[in-house]
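Asker: Below is a structure I'd like to ask you about.
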Amino acid sequence: MPQCTQCGRERSESMKKPSNPSNGCRPPNADKPPNCLSERRERPPALWPLHPQPQPGELLSSWLMRIILAYRMPPHTFCASQWPGKCVWNRDIDRCADEQIIDVLVARTGQPRHTMESMRLRSCEGTVFERLTTGGHAPWLLNVGVYHRLRRLHGQQYCPACLSSDAKPHFRRSWRLAFHTVCPVHQTPLRDECPHCGMPVMFHRVSPDAEGLHVCHACGGSLAEVVARDACEGDWVLGALDFQRRIATAIGCGWGFPMERTPVHVLPYLSGLRLMARLFLSGTPAGRLRDVVARELGVDPPAGRCLSGEKVLEKCRVDERVIVMAGLEWMMAGWPDNFLDGCREAHIRYGDLFRNKSPPPYWLHQVAREHLLSKQPYGAGRKKGGRKTRFQVPRQMIPIPALGGLSKDDSRLLEWACVSWYRARRMAGLQSGSVNRDLRCVYGFIRYIGKPPWCCDERDIDRWSEEIGLRRELKPDTQRTYLGALKRFLEHLGRQRWFRRERPVLELPRVSEEQLIPHAPGVRGGNVAKDGASPGPVGVVEAQESSSDVRTMDDREKPERRPLPVRRKRKKICDCCGRRMPKATRVFEGKSYCGTCYSREFVPVPCGKCGATVRTLGGRGPAICRWCEIAGRKCIRCGKPVPRASLTLENGVACASCAKYFKPPVLCAKCGAPSRHLARAFKLGIDAPVCPKCRKPPKETCSICGKSRAVRQRGAEGELICWSCVRVREAGFLCPKCGRRGIRRNDEECEDCYWNGRFQLLVNKGLESLSVDWVREGWSAYAKERARSIGNNRALLKLKKHLPLFQLVDRSCRGDAGTLDLDALFMALGPGGLAPFGKPWRALSDLGRVPPMGSKSLDDARCMERCREMLRTAEKCWYGTILEEYWTHLLRKKESLVAKGWETVGFAPRTLAAYMKAGVYFLQFMGDPQAEDTKPMPLSRWSREFCNIYPGYTASIQMFLKYMSSRF
């Protein structure tokens with residue numbers, strides 16, 4: 001074969017000769033000698049030597065990671081070599097993979113493009129969601145919470161049984177969908193965290209030397225291990241699995257069927273289901289709806305850890321989504337009857353279902369508009385079973401005080417108005433404390449004028465303004481709060497259709513801008529008396545206006561309103577650069593830093609616990625982020641977890657309930673005494689914060705019994721009568737049940753008949769729970785003795801407290817004769833023993849079947865139980881094995897003494913308890929020998945120091961010291 005004259009390579013005869021024979025086979029425009037052809041077709045890139053085949057239904061990132069692990073390379077190094085300058089793992093690649101990544105994978109692995117497209121989440125467009133964006137929340141797509149190369153949310157699910165049974169463990173594409181909560185193959189709930197360390201699944205961060213993707217990146221544990229878990233099981237899982245099959249059928253055929261022969265396209269079908277799923281997630285109606293579903297399914301309500309309060313379905317954990325999917329399956333199984341019954345029992349209205357302005361699906365909107373849209377205020381006159389239910393006041397709303405002088409119709413409208421305003425402001429985003437503060441202002445105005453707010457006029461508002469500004473001398477900001485709350489309440493009332501329907505021709509008063517101007521401090525005038533007395537409510541004001549020395553607002557000029565000084569906020573100064581700043585970006589060790597100095601001085605470093613980025617001064621460690629700091633934070637007073645502290649102290653934080661105990665005392669507005677428990681008593685007419693002593697109702701001397709008690713009513717001549725004497729006067733009631741005269745309980749029975757019935761029910765209940773004859777006899781004798789000595793009313797409380805003792809005695813009996821096992825009884829009673837049950841035990845001992853209190857057998861059983869309790873407590877300590885061996889040694893020595901005839905000498909149960917107690921105290925005094933802070937000392941020196949500190953255990957510790965000397 002001829003050779004090239006320039007490069008020496010062999011060429012075939014069919015190769016075209018160059019036009020310039022002096023250049024051989026090299027083209028004239030070629031710069032590199034290795035190319036011998038003038039026009040050579042570019043070859044496709046070579047396939048990767050190792051490229052595992054994708055599994056059916058596998059996720060794109062899972063297949064890419066299996067390719068990378070085949071080369072034993074770090075994922076970031078591999079991706080940087082194949083896609084230079086392109087970020088791959090700091091985003092959700094299954095959601096954001098572009099054409100460049102797909103082209104390289106198709107060229108390097110030889111897989112068809114349609115296979116690559118089916119592995120991306122974009123393949124769900126048109127079925128699960130209409131369009132998939134690169135950011136934000138996508139319907140039914142779990143959010144993994146991408147933060148740099150970490151994943152903060154538990155959006156990647158997996159089935160441990162599938163991973164363990166796979167020949168090549170891989171992650172499925174369906175595990176990223178929110179409605180996929182149960183494995184259809186193994187019918188077990190999916191997981192979204194490592195069972196060993198609880199971290200989210202991040203298989204792209206596994207070590208290059210890992211066995212596969214089923215290894216946790218944080219702790220190295222296996223995700224394929226089937227570990228027992230206390231998640232939702234039973235009907236919850238079965239319901240979620242049925243709902244999952246319902247969604248799969250709708251996606252497969254492209255149509256959903258809420259009702260038979262009523263097809264709905266899969267996109268609006270899933271959109272309506274997502275709106276219904278939001279009802280189970282957060283808020284008070286969500287908890288009620290869960291309880292309704294649990295009652296209908298016949299299962300227990302979900303546990304506390306399954307209720308996170310997350311409002312977005314795609315951010316919820318798998319345990320909570322199992323409950324949501326099971327609830328949706330129950331609703332769709334009997335559509336629309338189950339859905340409407342659940343909404344009615346959970347008090348869910350039309351506005352709770354459609355909160356945003358986006359158009360709802362027609363198939364759901366048609367049912368909700370027809371059955372859930374109410375024309376009355378929320379909760380008013382709701383019908384159930386053909387009868388109107390009682391109006392329900394929100395639990396967190398302060399109660400409406402009893403206002404005298406109002407008609408029944410006005411009281412009903414006022415209750416509707418207050419509840420409607422409360423719910424409207426809560427839906428606007430205000431906290432319940434802020435809304436209750438404004439409600440107190442409205443209550444004070446109504447109590448002052450003595451009539452409903454829609455019956456007042458501008459003169460009443462002027463009198464109220466002078467009352468709070470001139471007599472009470474409230475601060476200007478507080479006056480604005482009072483008047484602003486009244487203005488917002490009246491404006492809300494005017495917008496309500498139900499109120500305009502009840503009062504069609506009534507024109508509500510308005511709080512003008514001039515009335516909103518507060519009274520300046522120090523200005524006195526108006527209808528305030530010279531001695532500073534309160535004008536009081538309407539009746540008192542009219543009485544004062546009738547006198548000659550008091551003029552009305554029309555007879556004199558209004559007080560002069562002084563303009564308030566404008567307070568300018570002083571800007572803070574940065575302690576680092578010295579420049580002024582409106583607000584400090586960071587306060588660290590008592591120094592304030594502006595935004596510029598914060599970004600320059602505080603270096604981002606990873607958190608030592610969770611790996612999140614946190615900024616520390618100069619990058620010094622150990623760095624702990626805010627979420628890890630508050631994770632285990634507890635109140636320094638009550639010990640409860642405090643995720644959000646109400647008060648920060650030098651030695652810790654305090655919760656909202658305990659914060660008042662650390663704040664300085666404030667003077668009572670009535671008596672002037674300092675107190676940390678100030679509150680208002682609206683029922684007593686006290687609007688200012690007062691101490692608990694001043695909040696008590698006033699007491700006066702009863703005209704009948706002569707005791708100082710709260711007045712119940714007055715007699716015909718105005719004499720004071722207490723509650724006890726009123727009940728005695730009502731003793732003329734003729735009971736239709738027993739035919740005797742007594743104190744009336746209700747229309748059907750008196751007090752004695754009522755308590756006799758309750759007492760007999762409890763006695764019969766106790767007899768039904770007992771099976772041993774002599775225990776039943778003792779229970780009946782004890783009940784009769786208590787009723788005879790203290791009466792049925794008080795005896796009922798005693799029997800409720802002492803019934804568990806008789807039940808424990810009944811379960812501790814052995815054999816047909818019913819012999820009592822004292823050891824089993826004391827083990828069931830616990831450390832307290834028989835101390836709270838003196839009288840019921842005496843009733844049993846009178847029968848001769850149990851030993852009396854203080855007997856030797858009872859004392860021996862109690863001491864042996866104390867020894868067993870010390871052994872159970874020591875199992876968790878370092879000296880558990882030593883104490884167990886010591887107890888065995890004592891029992892063996894006792895048996896040897898008994899075998900030689902020394903039954904009554906030494907090693908009685910009381911002595912054994914003393915030996916064990918001394919041994920426990922000595923081991924606790926020594927401390928763990930393997931601990932770093934424990935000083936190595938001989939046993940004799942430890943014993944001397946122990947006896948010096950605890951001289952009372954000098955005799956009982958000698959047995960333990962002998963045992964330790966022989967053992968070591």
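By convention in this document, the chains of the structure tokens carry letters A, B, ... by their order, each chain's residues are numbered from 1, and ligands are numbered from 1 in the order they are shown.
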Using DSSP secondary structure from the backbone, list all alpha helix (DSSP H) positions within range 678-749 of chain A, as a ChimeraX atom specification.
Answerer: /A:723-729
Asker: Those selected residues, please, written with all heavy atoms and delivered as an mmCIF file, in the first residue's frame.
Answerer:
```
data_model
loop_
_atom_site.group_PDB
_atom_site.id
_atom_site.type_symbol
_atom_site.label_atom_id
_atom_site.label_comp_id
_atom_site.auth_asym_id
_atom_site.auth_seq_id
_atom_site.Cartn_x
_atom_site.Cartn_y
_atom_site.Cartn_z
ATOM 1 N N TRP A 723 -75.452 33.353 98.896
ATOM 2 C CA TRP A 723 -75.889 32.234 98.038
ATOM 3 C C TRP A 723 -76.371 31.048 98.864
ATOM 4 O O TRP A 723 -77.358 30.398 98.519
ATOM 5 C CB TRP A 723 -74.738 31.837 97.123
ATOM 6 C CG TRP A 723 -74.973 30.580 96.352
ATOM 7 C CD1 TRP A 723 -74.386 29.376 96.545
ATOM 8 C CD2 TRP A 723 -75.888 30.405 95.264
ATOM 9 N NE1 TRP A 723 -74.858 28.458 95.650
ATOM 10 C CE2 TRP A 723 -75.788 29.053 94.843
ATOM 11 C CE3 TRP A 723 -76.792 31.225 94.607
ATOM 12 C CZ2 TRP A 723 -76.556 28.536 93.810
ATOM 13 C CZ3 TRP A 723 -77.551 30.715 93.575
ATOM 14 C CH2 TRP A 723 -77.425 29.392 93.176
ATOM 15 N N SER A 724 -75.693 30.748 99.964
ATOM 16 C CA SER A 724 -76.095 29.591 100.777
ATOM 17 C C SER A 724 -77.487 29.794 101.370
ATOM 18 O O SER A 724 -78.317 28.869 101.386
ATOM 19 C CB SER A 724 -75.071 29.366 101.886
ATOM 20 O OG SER A 724 -73.800 29.110 101.337
ATOM 21 N N CYS A 725 -77.756 30.989 101.815
ATOM 22 C CA CYS A 725 -79.076 31.245 102.387
ATOM 23 C C CYS A 725 -80.164 31.253 101.324
ATOM 24 O O CYS A 725 -81.312 30.893 101.602
ATOM 25 C CB CYS A 725 -79.052 32.577 103.137
ATOM 26 S SG CYS A 725 -77.937 32.598 104.557
ATOM 27 N N VAL A 726 -79.829 31.664 100.110
ATOM 28 C CA VAL A 726 -80.809 31.612 99.024
ATOM 29 C C VAL A 726 -81.194 30.169 98.722
ATOM 30 O O VAL A 726 -82.365 29.839 98.489
ATOM 31 C CB VAL A 726 -80.257 32.332 97.772
ATOM 32 C CG1 VAL A 726 -81.146 32.085 96.569
ATOM 33 C CG2 VAL A 726 -80.149 33.814 98.027
ATOM 34 N N ARG A 727 -80.219 29.277 98.721
ATOM 35 C CA ARG A 727 -80.499 27.866 98.464
ATOM 36 C C ARG A 727 -81.344 27.257 99.576
ATOM 37 O O ARG A 727 -82.186 26.385 99.326
ATOM 38 C CB ARG A 727 -79.190 27.100 98.324
ATOM 39 C CG ARG A 727 -78.443 27.448 97.057
ATOM 40 C CD ARG A 727 -77.048 26.833 97.074
ATOM 41 N NE ARG A 727 -77.080 25.388 97.121
ATOM 42 C CZ ARG A 727 -77.170 24.595 96.048
ATOM 43 N NH1 ARG A 727 -77.221 25.138 94.854
ATOM 44 N NH2 ARG A 727 -77.183 23.285 96.168
ATOM 45 N N VAL A 728 -81.111 27.715 100.823
ATOM 46 C CA VAL A 728 -81.927 27.194 101.926
ATOM 47 C C VAL A 728 -83.368 27.658 101.780
ATOM 48 O O VAL A 728 -84.321 26.921 102.056
ATOM 49 C CB VAL A 728 -81.318 27.631 103.269
ATOM 50 C CG1 VAL A 728 -82.249 27.260 104.425
ATOM 51 C CG2 VAL A 728 -79.964 26.957 103.466
ATOM 52 N N ARG A 729 -83.539 28.896 101.320
ATOM 53 C CA ARG A 729 -84.900 29.395 101.113
ATOM 54 C C ARG A 729 -85.634 28.629 100.016
ATOM 55 O O ARG A 729 -86.851 28.522 100.028
ATOM 56 C CB ARG A 729 -84.848 30.876 100.748
ATOM 57 C CG ARG A 729 -84.614 31.785 101.940
ATOM 58 C CD ARG A 729 -84.846 33.232 101.541
ATOM 59 N NE ARG A 729 -84.832 34.101 102.705
ATOM 60 C CZ ARG A 729 -85.149 35.402 102.657
ATOM 61 N NH1 ARG A 729 -85.506 35.946 101.509
ATOM 62 N NH2 ARG A 729 -85.112 36.139 103.744
#
```
Asker: Show me, as a compact mmCIF listing (two decimals) with C-alpha atoms, in the first residue's frame, the residues that have an atom within 8 Å of range 130-137 of chain A when counting only C-alpha atoms, minus same-chain residues fewer than 5 positions from it.
Answerer:
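The new file around-v5.txt reads:
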```txt
# COMPACT_ATOMS: atom_id res chain seq x y z
CA ARG A 95 -36.88 19.86 37.48
CA CYS A 96 -34.36 22.19 35.84
CA ARG A 122 -41.36 17.76 32.98
CA GLU A 125 -46.91 18.38 32.26
CA ASN A 143 -40.32 20.72 47.27
CA LEU A 267 -56.06 19.03 35.45
CA GLU A 314 -45.93 20.15 48.90
```
Asker: Neighbouring residues of range 842-853 of chain A were defined as those with any atom within 9 Å, considering only C-alpha atoms; residues of the same chain fewer than 6 positions away were excluded. Please report them as a list in words.
Answerer: Trp774, Val775, Glu777, Gly778, Trp779, Ala781, Tyr782, Glu785, Thr819, Leu820, Leu834 and Asp859 of chain A
Asker: Env of range 445-461 of chain A: 9 Å cut, atoms = only C-alpha atoms, seq-sep filter 4 positions within chain, self excluded. Answer as a PyMOL selection string.
Answerer: chain A and resi 401+403-406+410-411+414+440-441+465-466+482-483+486+490+493+506-512+515+536-539+553+685
Asker: Determine, counting only C-alpha atoms, which protein, DNA and RNA residues have an atom within 12 Å of an atom of Arg91 in chain A; residues of the same chain fewer than 5 positions away are not included. Present the result as a list in words.
Answerer: Ser61, Lys86, Cys96, Ala97, Asp98, Thr134, Gly135, Asn143, Val144, Gly145, Val146, Tyr147, His148, Arg149, Leu150, Arg151 and His204 of chain A
Asker: For those residues, write N, CA, C and O atoms to a file as a JSON list (two decimals), in the first residue's frame.
Answerer:
```
[["chain", "number", "residue", "atom", "x", "y", "z"],
["A", 61, "SER", "N", -31.93, 12.18, 38.15],
["A", 61, "SER", "CA", -30.79, 12.37, 39.05],
["A", 61, "SER", "C", -30.32, 11.04, 39.61],
["A", 61, "SER", "O", -29.11, 10.86, 39.85],
["A", 86, "LYS", "N", -21.05, 24.84, 34.18],
["A", 86, "LYS", "CA", -22.49, 24.69, 34.38],
["A", 86, "LYS", "C", -22.75, 24.11, 35.76],
["A", 86, "LYS", "O", -22.14, 23.12, 36.15],
["A", 96, "CYS", "N", -34.98, 21.11, 36.59],
["A", 96, "CYS", "CA", -34.36, 22.19, 35.84],
["A", 96, "CYS", "C", -33.36, 21.70, 34.79],
["A", 96, "CYS", "O", -32.58, 22.51, 34.27],
["A", 97, "ALA", "N", -33.30, 20.40, 34.49],
["A", 97, "ALA", "CA", -32.34, 19.90, 33.50],
["A", 97, "ALA", "C", -32.68, 20.48, 32.12],
["A", 97, "ALA", "O", -33.78, 20.31, 31.61],
["A", 98, "ASP", "N", -31.70, 21.19, 31.50],
["A", 98, "ASP", "CA", -31.94, 21.82, 30.21],
["A", 98, "ASP", "C", -31.52, 20.88, 29.08],
["A", 98, "ASP", "O", -31.10, 19.73, 29.30],
["A", 134, "THR", "N", -39.22, 26.52, 36.67],
["A", 134, "THR", "CA", -37.94, 26.17, 37.32],
["A", 134, "THR", "C", -37.88, 26.56, 38.77],
["A", 134, "THR", "O", -37.00, 26.11, 39.50],
["A", 135, "GLY", "N", -38.78, 27.42, 39.23],
["A", 135, "GLY", "CA", -38.79, 27.86, 40.62],
["A", 135, "GLY", "C", -40.19, 27.93, 41.16],
["A", 135, "GLY", "O", -41.18, 27.85, 40.43],
["A", 143, "ASN", "N", -41.40, 19.74, 47.27],
["A", 143, "ASN", "CA", -40.32, 20.72, 47.27],
["A", 143, "ASN", "C", -39.17, 20.18, 48.12],
["A", 143, "ASN", "O", -39.37, 19.81, 49.28],
["A", 144, "VAL", "N", -37.98, 20.13, 47.55],
["A", 144, "VAL", "CA", -36.82, 19.61, 48.28],
["A", 144, "VAL", "C", -36.08, 20.70, 49.02],
["A", 144, "VAL", "O", -35.18, 20.40, 49.82],
["A", 145, "GLY", "N", -36.39, 21.99, 48.81],
["A", 145, "GLY", "CA", -35.74, 23.06, 49.55],
["A", 145, "GLY", "C", -34.27, 23.20, 49.21],
["A", 145, "GLY", "O", -33.41, 23.04, 50.09],
["A", 146, "VAL", "N", -33.95, 23.49, 47.96],
["A", 146, "VAL", "CA", -32.56, 23.58, 47.52],
["A", 146, "VAL", "C", -31.90, 24.79, 48.16],
["A", 146, "VAL", "O", -32.41, 25.92, 48.06],
["A", 147, "TYR", "N", -30.81, 24.57, 48.85],
["A", 147, "TYR", "CA", -30.01, 25.64, 49.43],
["A", 147, "TYR", "C", -28.55, 25.32, 49.14],
["A", 147, "TYR", "O", -27.93, 24.50, 49.81],
["A", 148, "HIS", "N", -28.00, 25.97, 48.09],
["A", 148, "HIS", "CA", -26.68, 25.63, 47.57],
["A", 148, "HIS", "C", -26.69, 24.14, 47.16],
["A", 148, "HIS", "O", -27.46, 23.75, 46.30],
["A", 149, "ARG", "N", -25.86, 23.31, 47.76],
["A", 149, "ARG", "CA", -25.85, 21.89, 47.42],
["A", 149, "ARG", "C", -26.58, 21.03, 48.44],
["A", 149, "ARG", "O", -26.51, 19.80, 48.39],
["A", 150, "LEU", "N", -27.28, 21.69, 49.38],
["A", 150, "LEU", "CA", -28.03, 20.97, 50.41],
["A", 150, "LEU", "C", -29.50, 20.93, 50.05],
["A", 150, "LEU", "O", -29.98, 21.65, 49.18],
["A", 151, "ARG", "N", -30.23, 20.07, 50.75],
["A", 151, "ARG", "CA", -31.68, 19.97, 50.62],
["A", 151, "ARG", "C", -32.26, 20.10, 52.02],
["A", 151, "ARG", "O", -32.04, 19.24, 52.88],
["A", 204, "HIS", "N", -27.18, 12.61, 46.18],
["A", 204, "HIS", "CA", -26.11, 13.18, 45.35],
["A", 204, "HIS", "C", -24.90, 13.57, 46.19],
["A", 204, "HIS", "O", -23.88, 13.99, 45.62]]
```
Asker: Mind checking which residues fall within 7 Å of Arg191 in chain A, counting only C-alpha atoms, ignoring those fewer than 3 positions away in the same chain, and posting them as a list of chain:residue names?
Answerer: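 Contacts, with the query itself left out: A:Gln157, A:Tyr158, A:Cys159, A:Val318.
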Asker: Please compute the CA of Thr613 in chain A-CA of Pro641 in chain A distance, one decimal, in Å.
Answerer: 24.4 Å
Asker: Report as a ChimeraX atom specification all protein, DNA and RNA residues lying within 9 Å of range 259-262 of chain A, evaluated on only C-alpha atoms, omitting residues in the same chain fewer than 2 positions from it.
Answerer: /A:256-257,264,332,334-336
